[in-house]
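Right, one structure below, let's go through it.
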Amino acid sequence: MKKISILGATGSIGLQTVEVIEEHPDQFQLTAIAFGKNIEKAIPIIQYHRPKTIVVADHDIKEKLTLQIDVAPQHILVGEEGLIDISCDREIDLVVNAVMGSMGLPATIAAIEAQKQIAFANKETLVTAGHLVMEKAKEYNVNLLPVDSEHSAIFQALNGEDKKSVNQIILTASGGSFRDKTRADLSGVTVNDALNHPNWDMGAKITIDSATMMNKGLEVIEAHWLFDIPYEKIDVVQHRESVIHSMIEYVDRSVIAQLGTPDMRVPIQYALTYPERLSSLSFEPLDVKQLHQLHFQELDMNRFPMLRYAYEAGKKGGSMPTVLNAANEVAVALFLQEKITFLEIETIVEHALQAHRLIQSPDLETINQIDQETRIKIDEAHR
Ligand code: NDP
Ligand code: MG
């Protein structure tokens with residue numbers, strides 16, 4: 001029986017992880033959950049699984065929760081300390097990190113230091129502090145098991161081979177909600193238009209990131225750190241159908257791809273069961289006879305400048321990816337609040353990167369400071 005804690009249990013990845021756990025009650029036990037504010041989504045999970053520890057965003061939510069459900073207050077923790085607690089608790093075997101944004105960084109480090117298995121969805125943490133996280137993971141001999149579908153595909157296609165044999169990683173991109181629009185079409189798009197993703201049903205932030213192509217940019221940086229592959233060997237190709245989740249070209253020109261229906265429960269479950277696999281009756285099989293055609297197209301960096309910014313920030317390294325991520329997180333939040341237009345997300349990120357003076361090998365404290373400064377500056381400019 002694997003004892004699991006989920007950080008971000010009420011989110012898109014979190015809820016799908018709960019589904020996977022419920023399908024295999026003989027394999028998994030949900031021992032702890034963390035969520036932010038969404039009490040309605042949390043209550044059924046708490047009633048069904050009776051997790052030993054519940055973490056919420058703040059004391060207000062804790063109070064509201066205790067009024068609605070019979071849980072002893074000492075079982076409810078609050079904030080970052082709570083997240084850290086359920087990431088290194090002695091009873092936990094595996095931590096699913098599915099919070100949104102770089103707020104997942106301290107818990108990731110705590111889970112690594114406690115040598116937990118980690119099912120890792122929280123890409124912003126690797127973008128903001130990839131060098132520190134991977135250094136820790138190496139030191140404590142911990143594997144980050146990728147949940148992101150592209151990285152799960154690469155992980156499976158790699159299947160333990162030496163990275164020297166890899167010629168190229170090819171990440172596939174659906175193109176997001178606006179893939180058929182020109183740049184001129186983008187000036188009037190609304191939040192609702194952007195939230196309408198053609199292939200995947202995901203949290204709001206990542207859906208916007210998919211529309212700007214920043215999601216693929218973050219994934220390029222995530223792949224660089226997870227697989228220790230230089231940026232020159234990471235390519236992106238547009239693939240509308242999201243059937244091929246990514247591929248590896250080896251030095252002998254053999255290409256290995258991983259395919260499947262677009263269902264996040266598949267990579268989530270693989271991260272929970274690795275190195276084994278479990279049969280799951282609720283997952284749709286991929287019927288290759290019905291595919292007929294798959295499409296591939298070069299991604300135009302002028303049409304999608306955010307991908308270019310991510311490559312540039314990743315290659316410069318140091319504190320640049322921290323700025324890229326923080327600026328993007330704030331800009332997306334401002335767009336979701338309808339305070340800026342869709343195209344302003346790009347200008348905010350571009351200006352933040354241009355204004356930043358690179359710091360090589362920043363430590364954790366420096367990263368937190370740069371992250372905060374970047375957010376405050378942009379927030380103040382858009383009050
Ligand atoms: P969601 O926005 O759907 O979920 C985020 C989760 O984090 C929610 O449970 C939210 O709680 C929780 N949370 C927010 N603030 C806090 C806090 N202070 N303390 C504890 N928990 C908090 O995001 P997604 O599930 O879409 O994405 C999560 C991560 O996975 C992101 O890094 C994303 O890039 C990555 N990812 C997602 C994919 C997807 O298909 N959705 C695919 C690949 C990667 P609440 O809502 O209750 O406030
Ligand atoms: Mg992905």
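In the structure tokens, chains take the letters A, B, ... in the order shown, each chain's residues start at 1, and ligands count up from 1 in the order shown.
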Wanna dump the chain A-ligand 1 contacts at 7 Å for me, each residue with its shortest atom pair and the distance in Å to one decimal, counting only C-alpha atoms and all ligand atoms, ordered by chain and number, as a Markdown table?
```
| residue | atom | partner | partner_atom_place_in_ligand_line | distance |
| --- | --- | --- | --- | --- |
| A:Leu7 | CA | ligand 1 | 21 (N) | 6.0 |
| A:Gly8 | CA | ligand 1 | 9 (O) | 3.3 |
| A:Ala9 | CA | ligand 1 | 9 (O) | 4.6 |
| A:Thr10 | CA | ligand 1 | 9 (O) | 3.6 |
| A:Gly11 | CA | ligand 1 | 4 (O) | 3.2 |
| A:Ser12 | CA | ligand 1 | 25 (O) | 3.6 |
| A:Ile13 | CA | ligand 1 | 25 (O) | 3.9 |
| A:Gly14 | CA | ligand 1 | 25 (O) | 5.9 |
| A:Ala34 | CA | ligand 1 | 20 (C) | 5.0 |
| A:Phe35 | CA | ligand 1 | 21 (N) | 3.6 |
| A:Gly36 | CA | ligand 1 | 48 (O) | 3.3 |
| A:Lys37 | CA | ligand 1 | 48 (O) | 3.9 |
| A:Asn38 | CA | ligand 1 | 47 (O) | 3.5 |
| A:Ile39 | CA | ligand 1 | 47 (O) | 6.5 |
| A:Val55 | CA | ligand 1 | 20 (C) | 6.7 |
| A:Val56 | CA | ligand 1 | 19 (N) | 5.6 |
| A:Ala57 | CA | ligand 1 | 18 (N) | 4.1 |
| A:Gly79 | CA | ligand 1 | 19 (N) | 5.8 |
| A:Glu80 | CA | ligand 1 | 19 (N) | 6.9 |
| A:Leu83 | CA | ligand 1 | 20 (C) | 6.8 |
| A:Ala98 | CA | ligand 1 | 28 (C) | 4.4 |
| A:Val99 | CA | ligand 1 | 7 (O) | 3.7 |
| A:Met100 | CA | ligand 1 | 31 (C) | 4.1 |
| A:Gly101 | CA | ligand 1 | 32 (O) | 5.5 |
| A:Ala121 | CA | ligand 1 | 30 (O) | 4.2 |
| A:Asn122 | CA | ligand 1 | 32 (O) | 3.4 |
| A:Lys123 | CA | ligand 1 | 32 (O) | 4.8 |
| A:Glu124 | CA | ligand 1 | 32 (O) | 5.7 |
| A:Val147 | CA | ligand 1 | 43 (C) | 6.5 |
| A:Asp148 | CA | ligand 1 | 43 (C) | 4.0 |
| A:Ser149 | CA | ligand 1 | 43 (C) | 6.2 |
| A:Trp200 | CA | ligand 1 | 40 (O) | 6.6 |
| A:Asp201 | CA | ligand 1 | 40 (O) | 6.4 |
| A:Met202 | CA | ligand 1 | 41 (N) | 3.7 |
| A:Gly203 | CA | ligand 1 | 26 (O) | 3.2 |
| A:Ala204 | CA | ligand 1 | 2 (O) | 5.8 |
| A:Lys205 | CA | ligand 1 | 2 (O) | 6.3 |
| A:Ile206 | CA | ligand 1 | 34 (O) | 5.2 |
| A:Met264 | CA | ligand 1 | 40 (O) | 5.9 |
```
Open item on the list: With only C-alpha atoms as the counted atoms, please give the residues lying no more than 10 Å from Leu158 of chain A, apart from itself and same-chain residues fewer than 2 positions off, as a list in words.
Closed with: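 Once the adjacent positions are removed, what remains is Ser152, Ala153, Ile154, Phe155, Gln156, Gly160, Glu161, Asp162, Lys163, Ser165, Val166, Ile169, Phe227, Met247, Ile248, Glu249, Tyr250, Ile256 and Ala257 of chain A.
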So that I have them on file, write out the residues from the current selection with C-alpha atoms, as a PDB file, in the first residue's frame.
```
ATOM      1  CA  SER A 152       6.241  11.361 -19.069  1.00  0.00           C
ATOM      2  CA  ALA A 153       6.483  10.506 -22.782  1.00  0.00           C
ATOM      3  CA  ILE A 154      10.209  11.357 -22.855  1.00  0.00           C
ATOM      4  CA  PHE A 155      10.778   9.450 -19.613  1.00  0.00           C
ATOM      5  CA  GLN A 156       9.083   6.381 -21.100  1.00  0.00           C
ATOM      6  CA  GLY A 160      16.778   4.225 -18.758  1.00  0.00           C
ATOM      7  CA  GLU A 161      19.048   4.720 -21.825  1.00  0.00           C
ATOM      8  CA  ASP A 162      22.190   6.790 -21.509  1.00  0.00           C
ATOM      9  CA  LYS A 163      21.546  10.443 -22.349  1.00  0.00           C
ATOM     10  CA  SER A 165      22.583   8.329 -27.024  1.00  0.00           C
ATOM     11  CA  VAL A 166      19.994  11.089 -27.333  1.00  0.00           C
ATOM     12  CA  ILE A 169      14.169  15.582 -27.633  1.00  0.00           C
ATOM     13  CA  PHE A 227      16.723  14.960 -18.417  1.00  0.00           C
ATOM     14  CA  MET A 247       9.538  11.766 -28.913  1.00  0.00           C
ATOM     15  CA  ILE A 248      13.252  11.131 -28.725  1.00  0.00           C
ATOM     16  CA  GLU A 249      15.538  10.934 -31.715  1.00  0.00           C
ATOM     17  CA  TYR A 250      18.536   8.796 -30.819  1.00  0.00           C
ATOM     18  CA  ILE A 256      10.878   6.584 -30.214  1.00  0.00           C
ATOM     19  CA  ALA A 257       7.552   8.247 -29.472  1.00  0.00           C
TER      20      ALA A 257
END
```
Open item on the list: Residues near Glu329 of chain A, anyone? I mean within 12 Å using only C-alpha atoms, not counting same-chain ones fewer than 6 positions away, as an NGL selection string.
Closed with: :A and (100-103 or 124-125 or 127-128 or 204-206 or 208-209 or 214-215 or 218 or 322-323 or 335-336 or 345-346 or 348-349 or 371-372 or 374-376 or 378-379)
For the selection you just gave me, I'd like the residues written to a file as a short mmCIF file (atom, residue, chain, number, x, y, z; two decimals), in the first residue's frame, keeping N, CA and C atoms.
```cif
data_model
loop_
_atom_site.label_atom_id
_atom_site.label_comp_id
_atom_site.auth_asym_id
_atom_site.auth_seq_id
_atom_site.Cartn_x
_atom_site.Cartn_y
_atom_site.Cartn_z
N MET A 100 -0.02 25.01 -8.28
CA MET A 100 0.28 25.84 -9.45
C MET A 100 1.30 26.89 -9.02
N GLY A 101 2.38 27.01 -9.77
CA GLY A 101 3.31 28.12 -9.56
C GLY A 101 4.49 27.78 -8.68
N SER A 102 5.40 28.77 -8.59
CA SER A 102 6.66 28.53 -7.88
C SER A 102 6.46 28.42 -6.38
N MET A 103 5.23 28.59 -5.88
CA MET A 103 4.96 28.36 -4.46
C MET A 103 5.22 26.90 -4.08
N GLU A 124 6.57 25.04 -12.75
CA GLU A 124 7.10 26.38 -12.44
C GLU A 124 8.26 26.30 -11.43
N THR A 125 8.19 25.31 -10.53
CA THR A 125 9.25 25.14 -9.54
C THR A 125 10.58 24.80 -10.22
N VAL A 127 11.34 25.57 -13.30
CA VAL A 127 11.75 26.70 -14.12
C VAL A 127 12.45 27.74 -13.24
N THR A 128 11.88 27.99 -12.08
CA THR A 128 12.42 29.07 -11.25
C THR A 128 13.72 28.68 -10.56
N ALA A 204 -6.80 27.00 -14.98
CA ALA A 204 -6.85 28.24 -15.76
C ALA A 204 -5.46 28.72 -16.18
N LYS A 205 -4.49 28.69 -15.25
CA LYS A 205 -3.18 29.27 -15.57
C LYS A 205 -2.51 28.53 -16.71
N ILE A 206 -2.50 27.21 -16.64
CA ILE A 206 -1.81 26.44 -17.69
C ILE A 206 -2.57 26.54 -19.03
N ILE A 208 -4.08 29.26 -20.14
CA ILE A 208 -3.60 30.53 -20.72
C ILE A 208 -2.16 30.35 -21.23
N ASP A 209 -1.32 29.68 -20.42
CA ASP A 209 0.06 29.42 -20.85
C ASP A 209 0.10 28.65 -22.17
N MET A 214 3.66 29.90 -23.76
CA MET A 214 4.61 29.88 -22.64
C MET A 214 4.64 28.50 -22.01
N ASN A 215 3.51 27.79 -22.01
CA ASN A 215 3.53 26.44 -21.42
C ASN A 215 4.62 25.59 -22.07
N LEU A 218 7.97 26.78 -20.83
CA LEU A 218 8.26 26.26 -19.48
C LEU A 218 8.64 24.78 -19.58
N THR A 322 13.93 32.55 -13.46
CA THR A 322 13.12 32.98 -12.30
C THR A 322 12.27 34.19 -12.69
N VAL A 323 12.89 35.13 -13.41
CA VAL A 323 12.18 36.34 -13.84
C VAL A 323 11.11 35.96 -14.87
N PHE A 335 -4.26 39.04 -16.49
CA PHE A 335 -5.15 38.77 -17.63
C PHE A 335 -6.44 38.09 -17.17
N LEU A 336 -6.31 37.10 -16.27
CA LEU A 336 -7.50 36.39 -15.78
C LEU A 336 -8.44 37.33 -15.02
N ILE A 345 0.31 40.18 -21.93
CA ILE A 345 1.04 39.14 -21.18
C ILE A 345 2.46 39.05 -21.76
N GLU A 346 2.54 39.04 -23.08
CA GLU A 346 3.85 38.94 -23.74
C GLU A 346 4.74 40.15 -23.44
N ILE A 348 4.66 42.22 -20.96
CA ILE A 348 5.11 42.25 -19.56
C ILE A 348 6.31 41.33 -19.36
N VAL A 349 6.21 40.12 -19.90
CA VAL A 349 7.31 39.17 -19.75
C VAL A 349 8.56 39.67 -20.46
N ASP A 371 12.14 36.70 -7.39
CA ASP A 371 10.75 36.33 -7.67
C ASP A 371 9.80 37.40 -7.11
N GLN A 372 10.01 37.76 -5.85
CA GLN A 372 9.14 38.76 -5.19
C GLN A 372 9.26 40.12 -5.87
N THR A 374 10.16 40.89 -8.87
CA THR A 374 9.57 40.88 -10.21
C THR A 374 8.05 41.03 -10.11
N ARG A 375 7.45 40.27 -9.18
CA ARG A 375 5.99 40.32 -9.03
C ARG A 375 5.52 41.70 -8.58
N ILE A 376 6.20 42.25 -7.57
CA ILE A 376 5.78 43.53 -7.00
C ILE A 376 5.84 44.64 -8.05
N ILE A 378 5.62 44.48 -11.30
CA ILE A 378 4.56 44.38 -12.32
C ILE A 378 3.20 44.70 -11.70
N ASP A 379 2.96 44.18 -10.50
CA ASP A 379 1.69 44.46 -9.82
C ASP A 379 1.49 45.96 -9.63
#
```
What lies within 12 Å of Thr31 of chain A using only C-alpha atoms, ignoring chain neighbours under 5 positions off, as a compact mmCIF listing (two decimals) with C-alpha atoms, in the first residue's frame?
```
# COMPACT_ATOMS: atom_id res chain seq x y z
CA MET A 1 0.00 0.00 0.00
CA LYS A 2 1.51 3.33 -1.08
CA LYS A 3 0.65 6.22 1.22
CA ILE A 4 0.19 9.36 -0.80
CA SER A 5 -0.04 13.07 -0.16
CA ILE A 6 -1.39 15.41 -2.83
CA LEU A 7 -0.37 19.06 -2.89
CA ALA A 9 -5.78 18.13 -4.45
CA VAL A 18 -7.74 11.28 -6.63
CA ILE A 21 -6.24 6.47 -6.31
CA ILE A 45 -12.38 14.00 -0.96
CA ILE A 46 -12.06 14.41 2.81
CA TYR A 48 -14.35 9.62 1.22
CA HIS A 49 -10.65 9.25 2.10
CA ARG A 50 -10.45 10.62 5.64
CA PRO A 51 -6.86 11.84 5.16
CA LYS A 52 -4.84 12.10 8.35
CA THR A 53 -3.72 15.65 7.56
CA ILE A 54 -5.37 18.45 5.61
CA VAL A 55 -3.51 21.60 4.61
CA HIS A 75 -5.48 17.67 11.76
CA ILE A 86 2.95 16.72 4.39
CA SER A 87 5.86 16.56 1.95
CA ASP A 89 5.95 13.30 6.94
CA ARG A 90 7.40 9.94 7.96
CA GLU A 91 4.20 8.11 7.06
CA ILE A 92 4.09 9.33 3.45
CA ASP A 93 5.67 7.25 0.67
CA LEU A 94 4.89 9.41 -2.34
CA VAL A 95 4.20 13.13 -2.74
CA VAL A 96 2.20 14.38 -5.72
```
Residue neighbourhood Leu259 of chain A, 7 Å, only C-alpha atoms, exclusion window fewer than 5 positions, as a PDB file with C-alpha atoms, in the first residue's frame:
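Saved result, result-v9.pdb, follows:
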```pdb
ATOM      1  CA  VAL A 243      -1.777  11.849 -29.827  1.00  0.00           C
ATOM      2  CA  ILE A 244       2.016  11.710 -29.865  1.00  0.00           C
ATOM      3  CA  HIS A 245       2.917  13.136 -26.464  1.00  0.00           C
TER       4      HIS A 245
END
```
Open item on the list: List as a PyMOL selection string the protein and nucleic acid residues near segment 301-311 of chain A, meaning an atom at most 7 Å away when only C-alpha atoms are counted, but skip any in the same chain fewer than 2 places from it.
Closed with: chain A and resi 183+212-214+216-218+299+313-315+346
Produce a file of the selected residues containing C-alpha atoms, as a tab-separated table (two decimals), in the first residue's frame.
```tsv
chain	number	residue	atom	x	y	z
A	183	ARG	CA	-1.20	37.77	-34.44
A	212	THR	CA	0.52	32.06	-25.31
A	213	MET	CA	2.83	29.04	-25.90
A	214	MET	CA	4.61	29.88	-22.64
A	216	LYS	CA	5.77	24.87	-24.07
A	217	GLY	CA	8.52	27.31	-23.13
A	218	LEU	CA	8.26	26.26	-19.48
A	299	LEU	CA	6.40	26.35	-34.64
A	313	ALA	CA	16.00	32.81	-20.64
A	314	GLY	CA	16.82	29.11	-20.30
A	315	LYS	CA	20.06	29.45	-22.28
A	346	GLU	CA	3.85	38.94	-23.74
```
- [ ] Could you please write out, as number ranges by chain, every residue of segment 37-95 of chain A that DSSP assigns to alpha helix (DSSP H)?
- [x] A: 39-49, 59-68, 79-88
- [ ] Might you pull out every residue within 8 Å of segment 361-364 of chain A, with only C-alpha atoms counted and same-chain residues fewer than 3 positions away left off, and present them as a VMD selection string?
- [x] chain A and resid 129 131 to 132 318 to 319 367 to 368
Print the selection's residues with N, CA and C atoms to a file, as a PDB file, in the first residue's frame.
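Final output, saved to out15.pdb:
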```pdb
ATOM      1  N   ALA A 129      13.884  27.393 -10.238  1.00  0.00           N
ATOM      2  CA  ALA A 129      15.071  26.998  -9.458  1.00  0.00           C
ATOM      3  C   ALA A 129      15.575  25.616  -9.856  1.00  0.00           C
ATOM      4  N   HIS A 131      18.312  24.461 -11.163  1.00  0.00           N
ATOM      5  CA  HIS A 131      19.668  24.030 -10.776  1.00  0.00           C
ATOM      6  C   HIS A 131      19.703  23.585  -9.312  1.00  0.00           C
ATOM      7  N   LEU A 132      18.951  24.281  -8.443  1.00  0.00           N
ATOM      8  CA  LEU A 132      18.966  23.910  -7.013  1.00  0.00           C
ATOM      9  C   LEU A 132      18.192  22.617  -6.769  1.00  0.00           C
ATOM     10  N   GLY A 318      21.065  31.141 -14.913  1.00  0.00           N
ATOM     11  CA  GLY A 318      21.128  31.962 -13.709  1.00  0.00           C
ATOM     12  C   GLY A 318      19.740  32.363 -13.250  1.00  0.00           C
ATOM     13  N   SER A 319      19.566  33.679 -13.030  1.00  0.00           N
ATOM     14  CA  SER A 319      18.294  34.168 -12.493  1.00  0.00           C
ATOM     15  C   SER A 319      17.253  34.460 -13.577  1.00  0.00           C
ATOM     16  N   ILE A 367      16.800  33.706  -5.224  1.00  0.00           N
ATOM     17  CA  ILE A 367      15.681  33.366  -6.101  1.00  0.00           C
ATOM     18  C   ILE A 367      14.368  33.914  -5.532  1.00  0.00           C
ATOM     19  N   ASN A 368      14.154  33.698  -4.235  1.00  0.00           N
ATOM     20  CA  ASN A 368      12.928  34.213  -3.611  1.00  0.00           C
ATOM     21  C   ASN A 368      12.846  35.725  -3.733  1.00  0.00           C
TER      22      ASN A 368
END
```
Open item on the list: Using only C-alpha atoms for the distances, tell me which of A:Ile118, A:Val191, A:Val236, A:Cys88 is nearest to Gln297 of chain A.
Closed with: A:Val236
TODO: For each of A:Ala119, A:Pro262, A:Ala211, A:Phe283, take the minimum atom-to-atom distance to Val332 of chain A, counting only C-alpha atoms, then give the residue where this is smallest.
DONE: A:Ala211
TODO: Using only C-alpha atoms, find the one residue out of A:Ala173, A:Leu278, A:Ala72, A:Ile370 that sits nearest to Glu219 of chain A.
DONE: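 The shortest atom-to-atom distance to Glu219 of chain A comes from A:Ala173.
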TODO: Find the residue from A:Phe120, A:Phe28, A:Trp225, A:Phe178 that sits nearest to ligand 2; use only C-alpha atoms and all ligand atoms when measuring.
DONE: A:Phe120
- [ ] Enter the distance from atom CA of Thr341 of chain A to atom CA of Ser187 of chain A, in Å, rounded to one decimal.
- [x] 7.5 Å
